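The data block below is final.tsv; it holds TSV, C-alpha atoms and all ligand atoms.
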chain	number	residue	atom	x	y	z
H	285	MET	CA	22.40	-22.58	-30.36
H	286	VAL	CA	22.88	-19.27	-28.60
H	287	ALA	CA	21.78	-19.44	-24.94
H	288	THR	CA	19.20	-16.73	-24.19
H	289	MET	CA	19.51	-14.86	-20.92
H	290	PRO	CA	16.32	-14.85	-18.86
H	291	SER	CA	14.83	-11.38	-18.50
H	292	LEU	CA	15.99	-9.73	-15.29
H	293	ILE	CA	13.62	-9.67	-12.33
H	294	ASP	CA	14.60	-6.73	-10.16
H	295	LEU	CA	13.99	-7.34	-6.45
H	296	ARG	CA	16.71	-4.96	-5.19
H	297	SER	CA	14.26	-2.38	-3.88
H	298	ASP	CA	10.78	-0.94	-4.34
H	299	THR	CA	12.54	2.23	-5.53
H	300	VAL	CA	13.34	0.70	-8.95
H	301	THR	CA	9.82	1.14	-10.35
H	302	ARG	CA	9.32	3.29	-13.44
H	303	PRO	CA	6.44	5.76	-13.68
H	304	SER	CA	3.49	4.27	-15.58
H	305	ALA	CA	1.96	5.86	-18.68
H	306	GLY	CA	-0.93	7.19	-16.55
H	307	MET	CA	1.46	8.72	-14.05
H	308	ARG	CA	3.52	10.36	-16.81
H	309	GLN	CA	0.34	11.80	-18.29
H	310	ALA	CA	-0.66	13.24	-14.91
H	311	MET	CA	2.83	14.76	-14.58
H	312	ALA	CA	2.71	16.28	-18.06
H	313	GLY	CA	-0.62	17.96	-17.34
H	314	ALA	CA	0.29	19.30	-13.88
H	315	GLU	CA	-0.50	22.90	-13.04
H	316	VAL	CA	2.72	24.37	-11.61
H	317	GLY	CA	4.22	27.46	-9.94
H	318	ASP	CA	7.37	28.34	-7.98
H	319	ASP	CA	7.22	26.18	-4.85
H	320	VAL	CA	10.01	28.06	-3.08
H	321	PHE	CA	7.55	30.98	-3.08
H	322	GLY	CA	4.80	28.53	-1.99
H	323	GLU	CA	3.03	29.09	-5.32
H	324	ASP	CA	2.76	25.61	-6.79
H	325	PRO	CA	-0.93	24.62	-6.58
H	326	THR	CA	-0.30	20.91	-7.22
H	327	VAL	CA	2.32	20.74	-4.46
H	328	ARG	CA	-0.12	22.45	-2.10
H	329	ARG	CA	-2.83	19.93	-2.97
H	330	LEU	CA	-0.46	17.02	-2.36
H	331	GLU	CA	0.85	18.47	0.92
H	332	GLU	CA	-2.68	19.09	2.20
H	333	ARG	CA	-3.82	15.61	1.21
H	334	VAL	CA	-0.87	13.78	2.78
H	335	ALA	CA	-1.06	15.88	5.96
H	336	ARG	CA	-4.75	14.94	6.25
H	337	MET	CA	-4.01	11.26	5.59
H	338	LEU	CA	-1.49	11.27	8.44
H	339	GLY	CA	-3.71	13.33	10.75
H	340	LYS	CA	-1.36	16.32	10.92
H	341	ASP	CA	-1.96	19.88	9.83
H	342	SER	CA	0.99	20.45	7.52
H	343	ALA	CA	3.40	18.74	5.17
H	344	LEU	CA	6.43	19.65	3.10
H	345	LEU	CA	7.44	17.95	-0.16
H	346	CYS	CA	11.14	17.04	-0.14
H	347	PRO	CA	13.27	15.44	-2.84
H	348	SER	CA	14.13	12.31	-0.83
H	349	GLY	CA	13.52	10.35	2.34
H	350	THR	CA	17.06	11.00	3.49
H	351	MET	CA	16.43	14.75	3.35
H	352	ALA	CA	12.99	14.48	4.97
H	353	ASN	CA	14.46	12.47	7.87
H	354	LEU	CA	17.31	14.95	8.28
H	355	ILE	CA	14.76	17.77	8.33
H	356	GLY	CA	12.85	15.82	10.99
H	357	VAL	CA	15.97	15.48	13.11
H	358	ALA	CA	17.45	18.95	12.55
H	359	SER	CA	14.22	20.83	13.11
H	360	ALA	CA	13.54	19.05	16.42
H	361	THR	CA	17.05	19.42	17.89
H	362	TYR	CA	19.97	21.79	18.37
H	363	PRO	CA	23.64	20.94	17.79
H	364	GLY	CA	25.00	19.06	20.80
H	365	ASP	CA	21.66	17.37	21.52
H	366	GLU	CA	21.22	13.62	21.59
H	367	VAL	CA	18.90	11.45	19.47
H	368	LEU	CA	17.72	7.94	20.42
H	369	LEU	CA	17.68	5.43	17.57
H	370	ASP	CA	17.25	1.69	17.11
H	371	SER	CA	20.56	-0.01	16.31
H	372	GLU	CA	19.14	-1.23	12.97
H	373	SER	CA	17.47	2.00	11.87
H	374	HIS	CA	17.79	3.38	8.35
H	375	ILE	CA	18.88	6.78	9.68
H	376	LEU	CA	21.79	5.14	11.47
H	377	HIS	CA	22.93	2.82	8.69
H	378	TYR	CA	22.16	4.44	5.36
H	379	GLU	CA	21.94	8.21	5.65
H	380	LEU	CA	25.66	8.98	5.66
H	381	ALA	CA	25.73	10.27	9.23
H	382	GLY	CA	23.87	13.43	8.19
H	383	THR	CA	22.49	13.62	11.73
H	384	ALA	CA	26.04	14.00	13.08
H	385	LEU	CA	27.58	15.94	10.21
H	386	ILE	CA	24.78	18.37	9.44
H	387	ALA	CA	22.36	18.43	12.38
H	388	GLY	CA	25.33	18.17	14.80
H	389	VAL	CA	23.60	15.72	17.12
H	390	GLN	CA	24.89	12.66	18.92
H	391	VAL	CA	23.19	9.35	18.29
H	392	ARG	CA	22.55	6.91	21.14
H	393	ASN	CA	21.41	3.40	20.19
H	394	PHE	CA	19.04	0.97	21.70
H	395	ASP	CA	18.53	-2.57	20.48
H	396	ALA	CA	14.78	-2.81	20.06
H	397	PRO	CA	12.66	-5.94	19.60
H	398	GLN	CA	11.94	-7.27	16.11
H	399	ALA	CA	9.91	-4.37	14.71
H	400	GLY	CA	12.44	-1.79	15.90
H	401	CYS	CA	10.17	-0.10	18.44
H	402	PRO	CA	11.61	0.23	21.96
H	403	THR	CA	9.73	-0.81	25.08
H	404	GLN	CA	8.94	1.78	27.75
H	405	ALA	CA	11.43	0.12	30.10
H	406	GLN	CA	14.13	0.32	27.43
H	407	LEU	CA	13.52	4.02	26.91
H	408	GLU	CA	13.35	4.76	30.61
H	409	SER	CA	16.68	2.98	31.09
H	410	LEU	CA	18.19	5.56	28.72
H	411	GLU	CA	16.87	8.53	30.69
H	412	ARG	CA	19.68	10.82	31.83
H	413	LEU	CA	20.09	12.41	35.24
H	414	GLY	CA	19.71	15.92	33.88
H	415	ASP	CA	23.25	17.09	34.69
H	416	PRO	CA	23.83	20.00	32.27
H	417	ASP	CA	27.55	20.15	33.08
H	418	HIS	CA	28.23	16.63	31.79
H	419	GLU	CA	25.32	15.19	29.84
H	420	PRO	CA	23.94	16.09	26.43
H	421	ARG	CA	20.26	17.01	26.27
H	422	THR	CA	18.28	14.02	24.95
H	423	ALA	CA	15.90	15.70	22.54
H	424	LEU	CA	14.44	13.22	20.09
H	425	LEU	CA	13.35	9.61	19.59
H	426	CYS	CA	13.27	8.33	15.99
H	427	LEU	CA	11.13	5.32	15.11
H	428	GLU	CA	10.73	3.53	11.75
H	429	GLN	CA	7.54	1.93	10.37
H	430	SER	CA	7.74	-0.50	8.58
H	431	HIS	CA	11.28	-1.40	9.58
H	432	ASN	CA	13.63	-1.94	6.66
H	433	ARG	CA	16.66	-3.68	8.19
H	434	ARG	CA	14.42	-5.75	10.43
H	435	GLY	CA	12.72	-7.22	7.35
H	436	GLY	CA	9.78	-4.87	6.70
H	437	THR	CA	8.38	-5.67	10.14
H	438	VAL	CA	5.52	-3.65	11.57
H	439	ALA	CA	5.25	-2.45	15.15
H	440	THR	CA	1.75	-2.71	16.60
H	441	ILE	CA	-0.20	0.46	17.30
H	442	GLU	CA	0.12	-0.30	21.03
H	443	GLU	CA	3.92	-0.65	20.77
H	444	LEU	CA	4.24	2.69	18.93
H	445	ARG	CA	1.90	4.46	21.34
H	446	SER	CA	3.62	3.07	24.37
H	447	ALA	CA	7.09	4.13	23.10
H	448	SER	CA	5.83	7.60	22.14
H	449	GLU	CA	4.13	8.08	25.51
H	450	ALA	CA	7.32	7.16	27.35
H	451	ALA	CA	9.36	9.49	25.12
H	452	HIS	CA	6.94	12.37	25.65
H	453	ARG	CA	7.01	11.80	29.40
H	454	MET	CA	10.80	12.10	29.15
H	455	GLY	CA	10.35	15.44	27.31
H	456	LEU	CA	11.43	14.10	23.89
H	457	VAL	CA	10.03	14.89	20.46
H	458	VAL	CA	9.12	11.76	18.44
H	459	HIS	CA	9.88	11.48	14.71
H	460	LEU	CA	8.75	8.52	12.61
H	461	ASP	CA	10.60	7.39	9.49
H	462	GLY	CA	7.53	6.46	7.48
H	463	ALA	CA	9.23	5.59	4.21
H	464	ARG	CA	6.94	2.53	4.08
H	465	LEU	CA	4.16	3.73	6.36
H	466	ALA	CA	1.55	2.82	3.74
H	467	ASN	CA	2.88	-0.76	3.64
H	468	ALA	CA	2.64	-0.97	7.43
H	469	ALA	CA	-0.94	0.36	7.38
H	470	ALA	CA	-1.94	-2.08	4.64
H	471	SER	CA	-0.37	-4.94	6.56
H	472	LEU	CA	-2.42	-4.27	9.71
H	473	GLY	CA	-5.48	-3.06	7.77
H	474	VAL	CA	-5.59	0.26	9.65
H	475	PRO	CA	-5.46	3.92	8.57
H	476	MET	CA	-2.01	5.52	8.73
H	477	THR	CA	-3.24	7.93	11.42
H	478	GLU	CA	-3.17	4.99	13.85
H	479	PHE	CA	0.63	5.16	13.62
H	480	THR	CA	1.05	8.91	13.37
H	481	ASP	CA	-1.42	10.17	16.00
H	482	CYS	CA	1.13	9.52	18.72
H	483	VAL	CA	4.21	11.02	16.97
H	484	ASP	CA	5.16	14.64	16.38
H	485	SER	CA	6.46	14.30	12.84
H	486	SER	CA	6.67	11.61	10.20
H	487	THR	CA	7.93	11.08	6.70
H	488	PHE	CA	5.88	9.56	3.89
H	489	ALA	CA	7.63	8.32	0.73
H	490	LEU	CA	6.19	8.52	-2.76
H	491	SER	CA	9.19	6.89	-4.44
H	492	LYS	CA	9.03	3.45	-2.86
H	493	GLY	CA	5.93	1.20	-2.92
H	494	LEU	CA	3.85	3.96	-4.52
H	495	GLY	CA	5.88	4.00	-7.74
H	496	CYS	CA	6.77	7.71	-8.11
H	497	PRO	CA	10.11	8.85	-9.57
H	498	ALA	CA	11.01	10.94	-6.48
H	499	GLY	CA	9.66	12.64	-3.41
H	500	THR	CA	9.10	12.16	0.30
H	501	LEU	CA	6.97	14.39	2.48
H	502	TRP	CA	7.88	15.61	5.95
H	503	VAL	CA	4.58	15.76	7.87
H	504	GLY	CA	3.95	17.49	11.19
H	505	LEU	CA	2.36	20.40	12.99
H	506	THR	CA	2.20	23.88	11.53
H	507	GLU	CA	4.32	25.31	14.36
H	508	SER	CA	7.15	22.92	13.37
H	509	ARG	CA	6.80	23.53	9.64
H	510	ARG	CA	8.56	26.89	9.82
H	511	ARG	CA	11.81	25.28	11.02
H	512	ALA	CA	11.35	22.32	8.68
H	513	HIS	CA	10.92	24.72	5.76
H	514	THR	CA	14.08	26.62	6.69
H	515	TRP	CA	16.02	23.34	6.91
H	516	ARG	CA	14.74	22.17	3.54
H	517	LYS	CA	16.06	25.36	1.89
H	518	ARG	CA	19.34	25.13	3.79
H	519	LEU	CA	19.84	21.56	2.58
H	520	GLY	CA	19.24	22.60	-1.03
H	521	GLY	CA	15.83	20.99	-1.17
H	522	GLY	CA	13.83	24.05	-2.27
H	523	MET	CA	12.44	23.05	-5.66
H	524	ARG	CA	10.66	25.23	-8.15
H	525	GLN	CA	7.95	23.96	-10.59
H	526	VAL	CA	7.81	20.71	-8.68
H	527	GLY	CA	4.08	20.27	-9.20
H	528	ILE	CA	5.25	17.82	-11.88
H	529	LEU	CA	6.42	15.48	-9.09
H	530	ALA	CA	3.47	16.30	-6.85
H	531	ALA	CA	1.13	15.26	-9.68
H	532	ALA	CA	2.87	11.87	-9.73
H	533	GLY	CA	2.26	11.66	-5.97
H	534	LEU	CA	-1.44	12.51	-6.29
H	535	TYR	CA	-1.76	9.95	-9.06
H	536	ALA	CA	-0.06	7.33	-6.87
H	537	LEU	CA	-2.43	8.01	-3.97
H	538	ASP	CA	-5.39	7.43	-6.30
H	539	HIS	CA	-4.01	4.38	-8.13
H	540	ASN	CA	-1.19	2.66	-6.24
H	541	LEU	CA	-2.01	2.93	-2.56
H	542	ALA	CA	-4.81	0.37	-2.43
H	543	ARG	CA	-2.77	-2.37	-4.15
H	544	LEU	CA	0.12	-2.74	-1.65
H	545	ASP	CA	-1.36	-6.00	-0.31
H	546	GLU	CA	-0.43	-7.57	-3.68
H	547	ASP	CA	3.24	-6.80	-2.98
H	548	HIS	CA	2.89	-8.30	0.49
H	549	ASP	CA	1.26	-11.47	-0.87
H	550	ASN	CA	4.04	-11.78	-3.45
H	551	ALA	CA	6.71	-11.35	-0.77
H	552	ARG	CA	5.14	-14.09	1.33
H	553	GLN	CA	4.91	-16.34	-1.73
H	554	LEU	CA	8.62	-15.86	-2.37
H	555	ALA	CA	9.44	-16.71	1.24
H	556	GLU	CA	7.26	-19.83	1.06
H	557	MET	CA	9.05	-20.98	-2.10
H	558	LEU	CA	12.43	-20.70	-0.37
H	559	GLN	CA	11.55	-21.86	3.13
H	560	SER	CA	12.75	-25.45	2.89
H	561	VAL	CA	15.66	-24.87	0.52
H	562	PRO	CA	19.07	-25.91	1.91
H	563	GLY	CA	21.54	-23.03	2.26
H	564	VAL	CA	18.92	-20.41	3.12
H	565	THR	CA	16.73	-19.68	6.10
H	566	VAL	CA	13.55	-17.64	5.76
H	567	ASP	CA	10.44	-17.56	7.89
H	568	PRO	CA	7.29	-16.84	5.80
H	569	PRO	CA	5.06	-15.82	8.75
H	570	ALA	CA	7.68	-13.20	9.64
H	571	VAL	CA	7.15	-11.54	6.24
H	572	GLN	CA	4.64	-8.83	7.09
H	573	THR	CA	5.07	-6.46	4.16
H	574	ASN	CA	7.10	-6.33	0.91
H	575	ILE	CA	10.59	-7.13	2.25
H	576	VAL	CA	12.04	-10.65	2.44
H	577	LEU	CA	15.32	-11.23	4.25
H	578	LEU	CA	17.16	-14.43	3.32
H	579	GLN	CA	19.72	-15.66	5.86
H	580	THR	CA	22.34	-17.43	3.75
H	581	VAL	CA	24.98	-20.00	4.66
H	582	ASP	CA	27.24	-18.70	1.88
H	583	ASP	CA	28.54	-15.14	1.75
H	584	ALA	CA	25.69	-12.79	0.77
H	585	ASN	CA	27.81	-11.15	-1.96
H	586	VAL	CA	28.38	-14.55	-3.58
H	587	ILE	CA	24.64	-15.33	-3.52
H	588	VAL	CA	23.77	-11.91	-4.96
H	589	GLU	CA	26.24	-12.45	-7.80
H	590	ARG	CA	24.93	-15.95	-8.54
H	591	ALA	CA	21.35	-14.68	-8.42
H	592	GLN	CA	22.21	-11.94	-10.89
H	593	ARG	CA	23.66	-14.51	-13.28
H	594	ALA	CA	20.40	-16.43	-12.94
H	595	GLY	CA	18.43	-13.25	-13.76
H	596	VAL	CA	17.35	-12.05	-10.30
H	597	LEU	CA	18.64	-8.80	-8.83
H	598	THR	CA	18.86	-8.66	-5.04
H	599	VAL	CA	21.06	-6.77	-2.54
H	600	PRO	CA	23.47	-7.98	0.15
H	601	PHE	CA	22.27	-6.63	3.48
H	602	THR	CA	24.75	-8.12	5.93
H	603	ALA	CA	27.54	-10.69	5.46
H	604	HIS	CA	24.92	-13.47	5.45
H	605	THR	CA	21.67	-11.67	4.65
H	606	VAL	CA	20.25	-11.00	1.19
H	607	ARG	CA	17.29	-8.66	0.78
H	608	CYS	CA	14.50	-9.07	-1.79
H	609	VAL	CA	11.76	-6.47	-2.15
H	610	THR	CA	8.51	-6.87	-4.10
H	611	HIS	CA	6.91	-3.88	-5.81
H	612	LEU	CA	4.58	-2.46	-8.46
H	613	ASP	CA	6.75	-3.56	-11.38
H	614	VAL	CA	6.92	-7.27	-10.45
H	615	GLY	CA	3.73	-9.33	-10.65
H	616	SER	CA	3.08	-12.71	-9.05
H	617	GLU	CA	4.33	-14.53	-12.20
H	618	ASP	CA	7.65	-12.65	-11.97
H	619	VAL	CA	7.94	-13.45	-8.30
H	620	ARG	CA	7.21	-17.14	-8.90
H	621	ALA	CA	9.91	-17.16	-11.64
H	622	ALA	CA	12.32	-15.38	-9.26
H	623	GLY	CA	11.61	-18.00	-6.60
H	624	GLU	CA	12.39	-20.82	-9.06
H	625	ARG	CA	15.63	-19.15	-10.14
H	626	LEU	CA	16.70	-18.53	-6.54
H	627	ARG	CA	16.03	-22.17	-5.69
H	628	GLN	CA	18.48	-23.10	-8.46
H	629	VAL	CA	20.98	-20.58	-7.11
H	630	PHE	CA	20.94	-22.20	-3.67
H	631	ALA	CA	21.06	-25.70	-5.20
H	632	SER	CA	24.19	-24.89	-7.25
J	701	LIG	C1	13.23	3.08	5.88
J	701	LIG	C2	13.83	4.07	4.94
J	701	LIG	N1	13.96	5.35	5.33
J	701	LIG	C3	14.50	6.29	4.53
J	701	LIG	C4	14.94	5.97	3.27
J	701	LIG	C5	15.61	7.03	2.44
J	701	LIG	O1	14.87	7.36	1.30
J	701	LIG	P1	15.57	8.00	0.03
J	701	LIG	O2	16.20	6.87	-0.72
J	701	LIG	O3	14.42	8.61	-0.72
J	701	LIG	O4	16.56	8.99	0.49
J	701	LIG	C6	14.83	4.65	2.81
J	701	LIG	C7	15.31	4.30	1.47
J	701	LIG	O5	15.23	3.18	0.99
J	701	LIG	C8	14.27	3.67	3.67
J	701	LIG	O6	14.17	2.39	3.31
Once you've parsed the file, please lay out its structure as structure tokens.
Ligand SMILES: Cc1ncc(COP(=O)(O)O)c(C=O)c1O
Amino acid sequence: MVATMPSLIDLRSDTVTRPSAGMRQAMAGAEVGDDVFGEDPTVRRLEERVARMLGKDSALLCPSGTMANLIGVASATYPGDEVLLDSESHILHYELAGTALIAGVQVRNFDAPQAGCPTQAQLESLERLGDPDHEPRTALLCLEQSHNRRGGTVATIEELRSASEAAHRMGLVVHLDGARLANAAASLGVPMTEFTDCVDSSTFALSKGLGCPAGTLWVGLTESRRRAHTWRKRLGGGMRQVGILAAAGLYALDHNLARLDEDHDNARQLAEMLQSVPGVTVDPPAVQTNIVLLQTVDDANVIVERAQRAGVLTVPFTAHTVRCVTHLDVGSEDVRAAGERLRQVFAS
């Protein structure tokens, strides 16, 4: 008898989804123009819609979240400025030091509570004396909602507002990495504007929980869009008949936004299946969105390899943390099967 491999269940990221037939059809039928000249009608519709959803007056479609964050940082700072970031933030860990290399800014860390949002006292403790002969100018605070490396956790509206207020009092601009802003809003059952009203700019990803092949929007005020637009071109992010991608985004807003709770329920189900398994620690009530962090006794790389052999793809996050992410392309049956396979992995 030939042993059959179980079909792979891919929990590495919510970026692994493939565009559905309906999304592809919307893309094929998109009305397009040259977006570098501002002439793509579908891009304009998407930008207007996302700006409205986030309560801002303008948006800019970028190829990726990394670029949209860098645009957020570069357009709110000047080389030699300083940016305040949580020690676990995506910008700090996974964006190849673009802030330093390209925007030319210095990063100063704080170690925020669980959802990655600093307290007022924490921010105020970072306030500089204002000595221009020795100190850099602190120009920007970056927040992240939901927070990836902190397990998809969601800061409360009050926490975000309080941090933004303190930052504004200190004369800082506030940028929000909103790669999974829609997940955070679904988790608390509030409109996204509750998180963005208090910040100056935000990102909003189409290519994660919403199932699009690419695209993140920078969102902010019209007076900041001019600089953001210049930075997008400088970074090579000026795209032409990109209404094809914008059509995927519009389709996702109509069809995939309202279902994110399913991903969150599946993530919690996975955590519950693994909570009393020896060799792994996971706290189901701490799972607020679609990310599950497993603290492992064994080396995370070893667990990831064993899980792959058992037909579940995951990623090592730290030496003893494995990340699983639920998404549009894995249903509750898949997640239950993944949970069973991972139980076997930890038992072996
Ligand atoms: C919180 C967060 N911000 C930004 C990004 C960067 O997005 P992209 O992969 O589109 O560059 C990611 C990617 O996973 C992310 O998780």
Given the choices H:Leu494, H:Leu578, H:Val438, H:Ala584, which gets closest to Leu534 in chain H if the distance is worked out from all atoms listed in the file?
H:Leu494
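For the residues H:Glu428, H:Asp415, H:Asp365, H:Asp395, ranking by smallest atom-to-atom distance to ligand LIG 701 (chain J) using only C-alpha atoms and all ligand atoms places H:Glu428 first.
Counting only C-alpha atoms, the residue from H:Ile441, H:Leu427, H:Val586, H:Ala470 that sits nearest to Ser486 in chain H is H:Leu427.
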Go through H:Val564, H:Met454, H:Ala335, H:Ile575 one by one, measure the shortest atom-to-atom distance of each to ligand LIG 701 (chain J) using only C-alpha atoms and all ligand atoms, and give the residue with the smallest value.
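So, comparing all the options, the nearest one is H:Ile575.
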Kindly indicate which residue among H:Ile355, H:Leu501, H:Ala423, H:Ala489 lies nearest to ligand LIG 701 (chain J), using all atoms listed in the file for the distances.
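With all atoms listed in the file as the atom set, the closest residue is H:Ala489.
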Which residues of chain H sit at most 8 Å from ligand LIG 701 (chain J), using only C-alpha atoms and all ligand atoms? Give each one's shortest atom pair and distance in Å (one decimal place), in chain and ascending residue order, as CSV.
residue,atom,partner,partner_atom,distance
H:Ser297,CA,J:LIG701,O5,7.5
H:Thr299,CA,J:LIG701,O5,7.1
H:Pro347,CA,J:LIG701,O3,7.2
H:Ser348,CA,J:LIG701,O3,3.7
H:Gly349,CA,J:LIG701,O1,3.4
H:Thr350,CA,J:LIG701,O4,3.6
H:Met351,CA,J:LIG701,O4,6.4
H:Ala352,CA,J:LIG701,O4,7.9
H:Asn353,CA,J:LIG701,C3,7.0
H:Ser373,CA,J:LIG701,C1,7.4
H:His374,CA,J:LIG701,C1,5.2
H:Ile375,CA,J:LIG701,N1,6.7
H:Tyr378,CA,J:LIG701,C5,7.6
H:Glu379,CA,J:LIG701,C5,7.2
H:Glu428,CA,J:LIG701,C1,6.4
H:Gln429,CA,J:LIG701,C1,7.3
H:Ser430,CA,J:LIG701,C1,7.1
H:His431,CA,J:LIG701,C1,6.1
H:Asn432,CA,J:LIG701,C1,5.1
H:Arg433,CA,J:LIG701,C1,7.9
H:Asp461,CA,J:LIG701,N1,5.7
H:Gly462,CA,J:LIG701,C1,6.8
H:Ala463,CA,J:LIG701,N1,4.9
H:Arg464,CA,J:LIG701,C1,6.6
H:Ala489,CA,J:LIG701,O3,6.9
H:Ser491,CA,J:LIG701,O3,6.6
H:Lys492,CA,J:LIG701,O5,7.3
H:Ala498,CA,J:LIG701,O3,7.1
H:Gly499,CA,J:LIG701,O3,6.8
H:Thr500,CA,J:LIG701,O3,6.5
